[in-house]
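What follows is the content of model.txt (compact mmCIF, C-alpha atoms).
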```txt
# COMPACT_ATOMS: atom_id res chain seq x y z
CA MET A 224 2.57 -31.90 -60.30
CA THR A 225 4.50 -32.75 -57.17
CA SER A 226 4.49 -30.83 -53.97
CA ILE A 227 7.26 -30.68 -51.43
CA ALA A 228 5.94 -31.38 -47.98
CA ARG A 229 7.27 -29.10 -45.29
CA PRO A 230 8.22 -30.91 -42.12
CA ALA A 231 5.87 -30.35 -39.24
CA PRO A 232 7.37 -27.87 -36.75
CA ARG A 233 8.84 -29.56 -33.71
CA ARG A 234 8.30 -27.70 -30.46
CA LEU A 235 11.55 -27.42 -28.55
CA ALA A 236 10.44 -25.26 -25.64
CA SER A 237 7.44 -23.52 -24.20
CA PHE A 238 7.53 -21.24 -21.20
CA ALA A 239 6.05 -18.06 -19.82
CA VAL A 240 7.50 -15.09 -17.97
CA PRO A 241 5.56 -12.62 -15.81
CA SER A 242 5.18 -9.19 -17.37
CA VAL A 243 7.86 -7.51 -15.31
CA PRO A 244 10.39 -5.25 -17.05
CA GLY A 245 13.74 -7.01 -17.15
CA ASN A 246 12.24 -10.46 -17.63
CA GLU A 247 13.21 -10.28 -21.29
CA ARG A 248 16.63 -11.42 -20.05
CA ILE A 249 15.04 -14.67 -18.84
CA ALA A 250 13.42 -15.19 -22.23
CA LEU A 251 16.59 -14.58 -24.21
CA THR A 252 18.61 -16.89 -21.96
CA GLN A 253 16.08 -19.72 -22.21
CA VAL A 254 15.77 -19.37 -25.97
CA ALA A 255 19.57 -19.34 -26.35
CA GLU A 256 19.86 -22.49 -24.25
CA THR A 257 17.12 -24.16 -26.29
CA VAL A 258 18.69 -23.49 -29.68
CA ALA A 259 22.26 -24.20 -28.60
CA GLY A 260 23.67 -26.93 -30.79
CA LEU A 261 21.21 -26.43 -33.64
CA GLY A 262 23.83 -24.84 -35.90
CA LEU A 263 23.31 -21.09 -35.54
CA SER A 264 26.63 -19.25 -35.69
CA PRO A 265 27.52 -17.20 -32.59
CA ALA A 266 26.85 -13.99 -34.52
CA ARG A 267 23.40 -15.13 -35.60
CA LEU A 268 22.65 -16.42 -32.13
CA ASP A 269 23.43 -12.92 -30.80
CA LYS A 270 20.96 -11.51 -33.32
CA LEU A 271 18.25 -13.96 -32.33
CA LYS A 272 18.82 -13.13 -28.67
CA THR A 273 18.46 -9.42 -29.36
CA ALA A 274 15.26 -9.99 -31.37
CA VAL A 275 13.78 -12.21 -28.65
CA ALA A 276 14.67 -9.69 -25.95
CA GLU A 277 13.14 -6.78 -27.86
CA ALA A 278 9.96 -8.67 -28.75
CA THR A 279 9.57 -9.86 -25.16
CA MET A 280 10.16 -6.35 -23.84
CA ASN A 281 7.47 -5.00 -26.18
CA ALA A 282 5.11 -7.75 -25.03
CA ILE A 283 5.77 -6.96 -21.37
CA GLU A 284 5.59 -3.17 -21.62
CA HIS A 285 3.14 -2.49 -24.44
CA GLY A 286 1.15 -5.71 -24.77
CA ASN A 287 0.61 -6.54 -21.12
CA ASP A 288 1.16 -3.05 -19.68
CA SER A 289 3.83 -4.44 -17.31
CA ARG A 290 1.13 -6.26 -15.31
CA PRO A 291 2.96 -9.14 -13.61
CA GLU A 292 -0.15 -11.32 -13.46
CA LEU A 293 -0.27 -11.41 -17.27
CA PRO A 294 2.25 -13.86 -18.71
CA VAL A 295 4.25 -13.47 -21.88
CA ARG A 296 4.33 -16.89 -23.51
CA VAL A 297 7.40 -17.91 -25.48
CA GLU A 298 7.61 -20.98 -27.69
CA VAL A 299 10.52 -22.27 -29.74
CA PHE A 300 10.08 -24.55 -32.75
CA GLN A 301 12.29 -26.12 -35.35
CA SER A 302 10.91 -26.69 -38.82
CA GLY A 303 13.53 -28.14 -41.12
CA ALA A 304 16.28 -25.55 -41.34
CA GLU A 305 14.22 -22.86 -39.63
CA ILE A 306 14.16 -21.88 -35.99
CA ILE A 307 10.90 -20.19 -35.10
CA VAL A 308 10.26 -18.29 -31.88
CA THR A 309 6.81 -17.02 -31.01
CA ILE A 310 6.22 -14.43 -28.30
CA ALA A 311 2.63 -13.85 -27.30
CA ASP A 312 0.97 -11.32 -25.03
CA ARG A 313 -2.58 -10.24 -24.27
CA GLY A 314 -2.34 -6.89 -25.98
CA GLY A 315 -4.54 -7.71 -28.95
CA ARG A 316 -7.39 -5.69 -27.53
CA SER A 317 -5.59 -2.40 -27.73
CA ASP A 318 -3.03 -2.28 -30.48
CA GLU A 319 -3.19 1.47 -30.88
CA GLY A 320 0.06 2.95 -29.78
CA THR A 321 2.05 -0.26 -29.71
CA PRO A 322 5.39 0.15 -31.43
CA GLU A 323 4.62 -2.20 -34.31
CA ASN A 324 1.67 -0.06 -35.33
CA SER A 325 3.80 3.00 -35.56
CA ALA A 326 4.52 3.77 -39.22
CA GLU A 327 7.45 5.94 -38.22
CA VAL A 328 10.81 4.40 -38.98
CA PRO A 329 13.39 5.59 -36.48
CA ASP A 330 15.77 8.08 -38.05
CA LEU A 331 18.80 9.23 -36.14
CA ASP A 332 18.96 12.64 -37.83
CA ARG A 333 15.33 13.34 -36.98
CA LYS A 334 15.90 12.20 -33.42
CA LEU A 335 18.92 14.47 -33.06
CA ASP A 336 16.85 17.35 -34.45
CA GLY A 337 14.08 16.63 -31.94
CA GLU A 338 11.56 15.65 -34.62
CA GLN A 339 11.37 12.12 -33.20
CA GLY A 340 11.74 10.96 -29.62
CA PRO A 341 15.04 9.29 -28.74
CA ARG A 342 13.41 5.87 -28.20
CA GLY A 343 11.45 3.69 -30.59
CA TRP A 344 14.19 1.39 -31.90
CA GLY A 345 12.73 -1.95 -30.78
CA LEU A 346 10.78 -3.08 -33.82
CA PHE A 347 13.45 -1.68 -36.12
CA LEU A 348 16.04 -3.84 -34.39
CA ILE A 349 13.89 -6.96 -34.48
CA ARG A 350 13.31 -6.59 -38.22
CA HIS A 351 17.02 -6.32 -38.88
CA MET A 352 18.05 -9.17 -36.60
CA VAL A 353 16.00 -12.06 -37.97
CA ASP A 354 15.36 -13.57 -41.40
CA ALA A 355 11.62 -12.97 -41.13
CA MET A 356 9.08 -11.71 -38.67
CA ALA A 357 5.31 -11.65 -38.61
CA ILE A 358 2.77 -10.16 -36.23
CA THR A 359 -0.67 -11.67 -35.76
CA THR A 360 -3.58 -10.80 -33.53
CA GLN A 361 -6.29 -13.28 -32.63
CA GLY A 362 -8.75 -11.92 -30.14
CA GLU A 363 -6.70 -10.71 -27.20
CA ARG A 364 -3.72 -12.82 -28.17
CA HIS A 365 -1.05 -10.85 -29.94
CA THR A 366 1.87 -12.86 -31.29
CA VAL A 367 5.21 -11.95 -32.80
CA ARG A 368 6.79 -14.75 -34.83
CA LEU A 369 10.52 -14.65 -35.44
CA MET A 370 12.29 -16.93 -37.89
CA MET A 371 16.01 -17.63 -38.34
CA ARG A 372 17.37 -20.03 -40.95
CA ILE A 373 20.07 -22.37 -39.75
CA GLY A 374 23.19 -22.09 -41.87
CA SER A 375 22.40 -18.69 -43.38
CA GLN A 376 25.19 -16.17 -43.27
CA ASP A 377 23.20 -13.07 -42.59
CA ALA A 378 19.84 -11.95 -41.31
CA GLY A 379 17.81 -8.85 -41.49
CA GLY A 380 15.06 -6.93 -43.09
CA GLY A 381 12.65 -9.80 -43.58
CA GLU A 382 8.97 -9.57 -42.96
CA ASP A 383 6.40 -12.25 -43.73
CA MET B 1094 30.00 3.70 -14.42
CA HIS B 1095 33.30 5.39 -13.77
CA VAL B 1096 34.63 8.62 -15.26
CA ARG B 1097 38.35 9.08 -15.92
CA GLN B 1098 39.74 12.45 -16.88
CA VAL B 1099 42.47 12.08 -19.51
CA GLY B 1100 44.49 15.23 -20.05
CA ASP B 1101 42.71 18.57 -20.22
CA ARG B 1102 40.20 17.80 -22.90
CA ALA B 1103 39.08 14.18 -22.75
CA ALA B 1104 37.19 11.93 -20.37
CA VAL B 1105 36.64 8.19 -20.57
CA ILE B 1106 33.38 6.80 -19.23
CA ASP B 1107 33.81 3.14 -18.30
CA ILE B 1108 30.50 1.37 -18.83
CA LYS B 1109 29.84 -1.77 -16.80
CA GLY B 1110 26.96 -4.22 -17.11
CA ASP B 1111 23.73 -3.23 -18.83
CA VAL B 1112 22.84 -0.24 -20.96
CA THR B 1113 19.07 0.06 -20.87
CA ALA B 1114 16.59 2.85 -20.25
CA ALA B 1115 17.07 2.15 -16.54
CA SER B 1116 20.74 3.15 -16.83
CA GLU B 1117 19.88 6.72 -17.83
CA PRO B 1118 20.39 8.38 -14.43
CA VAL B 1119 23.79 6.74 -14.03
CA LEU B 1120 25.00 7.58 -17.53
CA MET B 1121 23.73 11.14 -17.34
CA SER B 1122 25.43 11.58 -14.00
CA ALA B 1123 28.66 10.34 -15.58
CA TYR B 1124 28.12 12.80 -18.43
CA GLU B 1125 27.64 15.69 -16.01
CA GLN B 1126 30.80 14.77 -14.15
CA ALA B 1127 32.81 14.69 -17.39
CA ASP B 1128 31.20 17.95 -18.49
CA ARG B 1129 32.09 19.66 -15.20
CA GLN B 1130 35.68 18.55 -15.68
CA GLY B 1131 35.68 20.43 -18.97
CA ALA B 1132 35.98 17.47 -21.32
CA ARG B 1133 35.53 18.34 -24.97
CA ARG B 1134 35.82 14.74 -26.07
CA LEU B 1135 33.84 12.01 -24.32
CA VAL B 1136 34.98 8.45 -24.88
CA LEU B 1137 32.61 5.62 -24.01
CA ASN B 1138 34.38 2.42 -23.00
CA PHE B 1139 32.07 -0.49 -23.79
CA ARG B 1140 34.49 -3.25 -22.80
CA GLY B 1141 32.43 -4.00 -19.70
CA LEU B 1142 29.11 -4.01 -21.55
CA GLU B 1143 27.05 -7.14 -20.96
CA TYR B 1144 23.70 -6.22 -22.49
CA MET B 1145 22.25 -3.30 -24.38
CA ASN B 1146 18.69 -3.02 -25.64
CA SER B 1147 16.64 -0.53 -27.63
CA GLY B 1148 16.02 1.51 -24.49
CA GLY B 1149 19.79 1.80 -24.09
CA ILE B 1150 20.12 2.94 -27.68
CA GLY B 1151 17.49 5.58 -27.01
CA MET B 1152 19.45 6.69 -23.99
CA LEU B 1153 22.62 7.01 -26.09
CA VAL B 1154 20.65 9.24 -28.47
CA THR B 1155 19.74 11.46 -25.52
CA PHE B 1156 23.39 11.45 -24.46
CA LEU B 1157 24.39 12.42 -27.99
CA ILE B 1158 21.88 15.28 -28.08
CA ARG B 1159 23.32 16.68 -24.86
CA ALA B 1160 26.89 16.35 -26.11
CA ASN B 1161 26.00 17.98 -29.44
CA ARG B 1162 24.47 20.95 -27.63
CA GLN B 1163 27.76 21.45 -25.79
CA HIS B 1164 29.79 20.95 -29.00
CA GLN B 1165 31.48 17.93 -27.47
CA GLU B 1166 32.78 15.04 -29.54
CA LEU B 1167 31.69 11.50 -28.77
CA ALA B 1168 33.81 8.41 -29.36
CA ALA B 1169 33.55 4.78 -28.33
CA PHE B 1170 35.68 1.65 -28.14
CA GLY B 1171 35.36 -1.89 -26.85
CA LEU B 1172 32.14 -2.71 -28.70
CA SER B 1173 31.63 -6.36 -29.63
CA ALA B 1174 30.98 -7.19 -33.28
CA HIS B 1175 27.27 -7.57 -32.50
CA TYR B 1176 26.87 -4.17 -30.89
CA ARG B 1177 29.10 -2.59 -33.50
CA GLU B 1178 26.65 -3.87 -36.10
CA ILE B 1179 23.76 -2.38 -34.13
CA PHE B 1180 25.58 0.95 -34.08
CA GLU B 1181 25.86 0.71 -37.87
CA LEU B 1182 22.18 -0.23 -38.32
CA THR B 1183 21.02 2.66 -36.20
CA ARG B 1184 23.69 4.95 -37.73
CA LEU B 1185 24.97 5.79 -34.27
CA ASP B 1186 28.41 5.04 -35.70
CA GLU B 1187 28.08 8.16 -37.87
CA ALA B 1188 27.67 10.34 -34.80
CA ILE B 1189 29.88 8.45 -32.36
CA THR B 1190 33.30 7.61 -33.81
CA ILE B 1191 34.16 4.00 -33.07
CA TYR B 1192 37.71 2.88 -32.33
CA ASP B 1193 39.24 -0.49 -31.70
CA ASP B 1194 40.84 0.49 -28.42
CA GLU B 1195 41.28 3.26 -25.90
CA ARG B 1196 44.70 4.30 -27.14
CA SER B 1197 43.36 4.98 -30.65
CA ALA B 1198 40.36 6.86 -29.28
CA LEU B 1199 42.55 9.08 -27.13
CA SER B 1200 45.40 9.58 -29.58
CA ASP B 1201 42.91 10.84 -32.13
CA ALA B 1202 41.67 13.29 -29.50
CA ALA B 1203 45.17 14.58 -28.95
CA SER B 1204 45.87 15.14 -32.64
```

Rendering of file as structure tokens:
Amino acid sequence: MTSIARPAPRRLASFAVPSVPGNERIALTQVAETVAGLGLSPARLDKLKTAVAEATMNAIEHGNDSRPELPVRVEVFQSGAEIIVTIADRGGRSDEGTPENSAEVPDLDRKLDGEQGPRGWGLFLIRHMVDAMAITTQGERHTVRLMMRIGSQDAGGGED
Amino acid sequence: MHVRQVGDRAAVIDIKGDVTAASEPVLMSAYEQADRQGARRLVLNFRGLEYMNSGGIGMLVTFLIRANRQHQELAAFGLSAHYREIFELTRLDEAITIYDDERSALSDAAS
């Protein structure tokens, strides 16, 4: 039996932003600059940027409670034809109430009827923007992992 | 954001820059201005949109709820392909009619 070895992920960037609302724009810009030239189409790059912005915003607001002294750490890797972005916060201690733990899928009709609040679209958007996403918690460290395949035509709905 | 009255029944709200939760006071103020002018059809011009996030989508839902209560129609134009797709994913496009340009959005209002 033969096995196909997966290439070791190559880290392309690693940076942190203070947990200040609005700093998700810094994260999306830096990730976009990092992956420029790797072969993502403009449409898929837009999707990755939206997913990175939403995940970073969740990390800032829900994971780190918008405490500027707590960084949100962003890392970008390439593994073969996959671009992987990880976004980590310190929210692992108190996951209750974070958007990803909410079982409620946003539904426009229910929102218009007042059965759901108008917000709560972040995780929904992330899931539909990337080829796969995974959420892990290790101690206090809470990490969202986003994956986009280079050369794919469409993204969305994937979850590891 | 800037509100333009078009005829007796329509108003165009020109959106510039970001649409996030932080834009709510500005957008709601634009809504109130259009409402005071008696607009029955509100047209959102997204040509100047630079960035919209989930908070902005939530704010558009609030905007939609207010417009629905007043039996006003909502339309939009100028969305990029990316944000048009987000409107489709969230089904906002079922509640806010999307047009390619301002002329189409307004001519439909007049018909």

Study note, to complete from the structure: Shortest contact to chain B, candidates A:Ile283, A:Leu335, A:Val367, A:Leu263, atoms counted all atoms listed in the file, goes to A:Leu335

Review point. Which residue out of A:Gly343, A:Gly374, A:Gly314, A:Pro291 has the minimum interatomic distance to A:Gly245 when only C-alpha atoms are used?
Key: A:Pro291

Point to revise | Atomic distance atom CA of B:Ala1103 - atom CA of A:Trp344, expressed in Å with one decimal | key: 29.4 Å

Exercise for review: Determine which residues of chain B sit within 10 Å of chain A, taking into account only C-alpha atoms, and present them as a PyMOL selection string.
Suggested key: chain B and resi 1113-1115+1144-1159+1161+1174-1176+1178-1179+1182-1185+1187-1188

**Study point:** Selection: 12 Å around B:Ser1122, all atoms listed in the file, excl. self and same-chain fewer than 4 positions, as a ChimeraX atom specification
**Key:** /B:1094-1096,1106,1116-1118,1126-1129,1156

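Atom pair atom CA of A:Glu338 / atom CA of A:Arg350 has a distance of 22.6 Å (rounded to one decimal).
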
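For the atom pair formed by atom CA of A:Ile373 and atom CA of A:Ile306, the distance is 7.0 Å, given to one decimal.
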
If you take every atom of stretch 341-355 of chain A that the file lists and fit an axis-aligned box around them with 4 Å extra on each side, what centre and edge lengths come out in Å to one decimal, as JSON?
```
{"center_x": 14.4, "center_y": -2.1, "center_z": -34.8, "size_x": 15.3, "size_y": 30.9, "size_z": 21.2}
```

**Study point:** Close residues, B:Phe1139 itself excluded, 6 Å, only C-alpha atoms, min 2 positions apart in chain, as a PyMOL selection string
**Key:** chain B and resi 1108+1141-1142+1171-1172

Practice item. Excluding B:Arg1133 and residues on its chain fewer than 5 positions from it, collect all residues at most 9 Å away from it, counting all atoms listed in the file, and give them as number ranges by chain. Key: B: 1101-1104, 1127-1128, 1160, 1163-1167

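Proximity of A:Glu305, A:Glu298, A:Glu327, A:Glu247 to A:Ser375, computed with only C-alpha atoms, is greatest for A:Glu305.
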
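Proximity ranking of B:Thr1190, B:Lys1109, B:Leu1120, B:Arg1162 relative to B:Arg1140 places B:Lys1109 first, based on only C-alpha atoms.
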
**Study point:** Nearby residues (all atoms listed in the file) at most 10 Å from A:Ser302, same-chain spacing under 3 positions excluded, as a ChimeraX atom specification
**Key:** /A:229-234,305-307,370,372

Residue subset to file, keeping C-alpha atoms, as an mmCIF file, in the frame of the given file:
```
data_model
loop_
_atom_site.group_PDB
_atom_site.id
_atom_site.type_symbol
_atom_site.label_atom_id
_atom_site.label_comp_id
_atom_site.auth_asym_id
_atom_site.auth_seq_id
_atom_site.Cartn_x
_atom_site.Cartn_y
_atom_site.Cartn_z
ATOM 1 C CA ARG A 229 7.270 -29.100 -45.290
ATOM 2 C CA PRO A 230 8.220 -30.910 -42.120
ATOM 3 C CA ALA A 231 5.870 -30.350 -39.240
ATOM 4 C CA PRO A 232 7.370 -27.870 -36.750
ATOM 5 C CA ARG A 233 8.840 -29.560 -33.710
ATOM 6 C CA ARG A 234 8.300 -27.700 -30.460
ATOM 7 C CA GLU A 305 14.220 -22.860 -39.630
ATOM 8 C CA ILE A 306 14.160 -21.880 -35.990
ATOM 9 C CA ILE A 307 10.900 -20.190 -35.100
ATOM 10 C CA MET A 370 12.290 -16.930 -37.890
ATOM 11 C CA ARG A 372 17.370 -20.030 -40.950
#
```

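Nearest-residue note for A:Glu284: choosing from A:Ser242, A:Ile249, A:Val353, A:Gly262, the minimum distance belongs to A:Ser242, counting only C-alpha atoms.
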
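Nearest residue to B:Ala1198 among B:Phe1180, B:Gly1100, B:Arg1134, B:Glu1143 is B:Arg1134, counting only C-alpha atoms.
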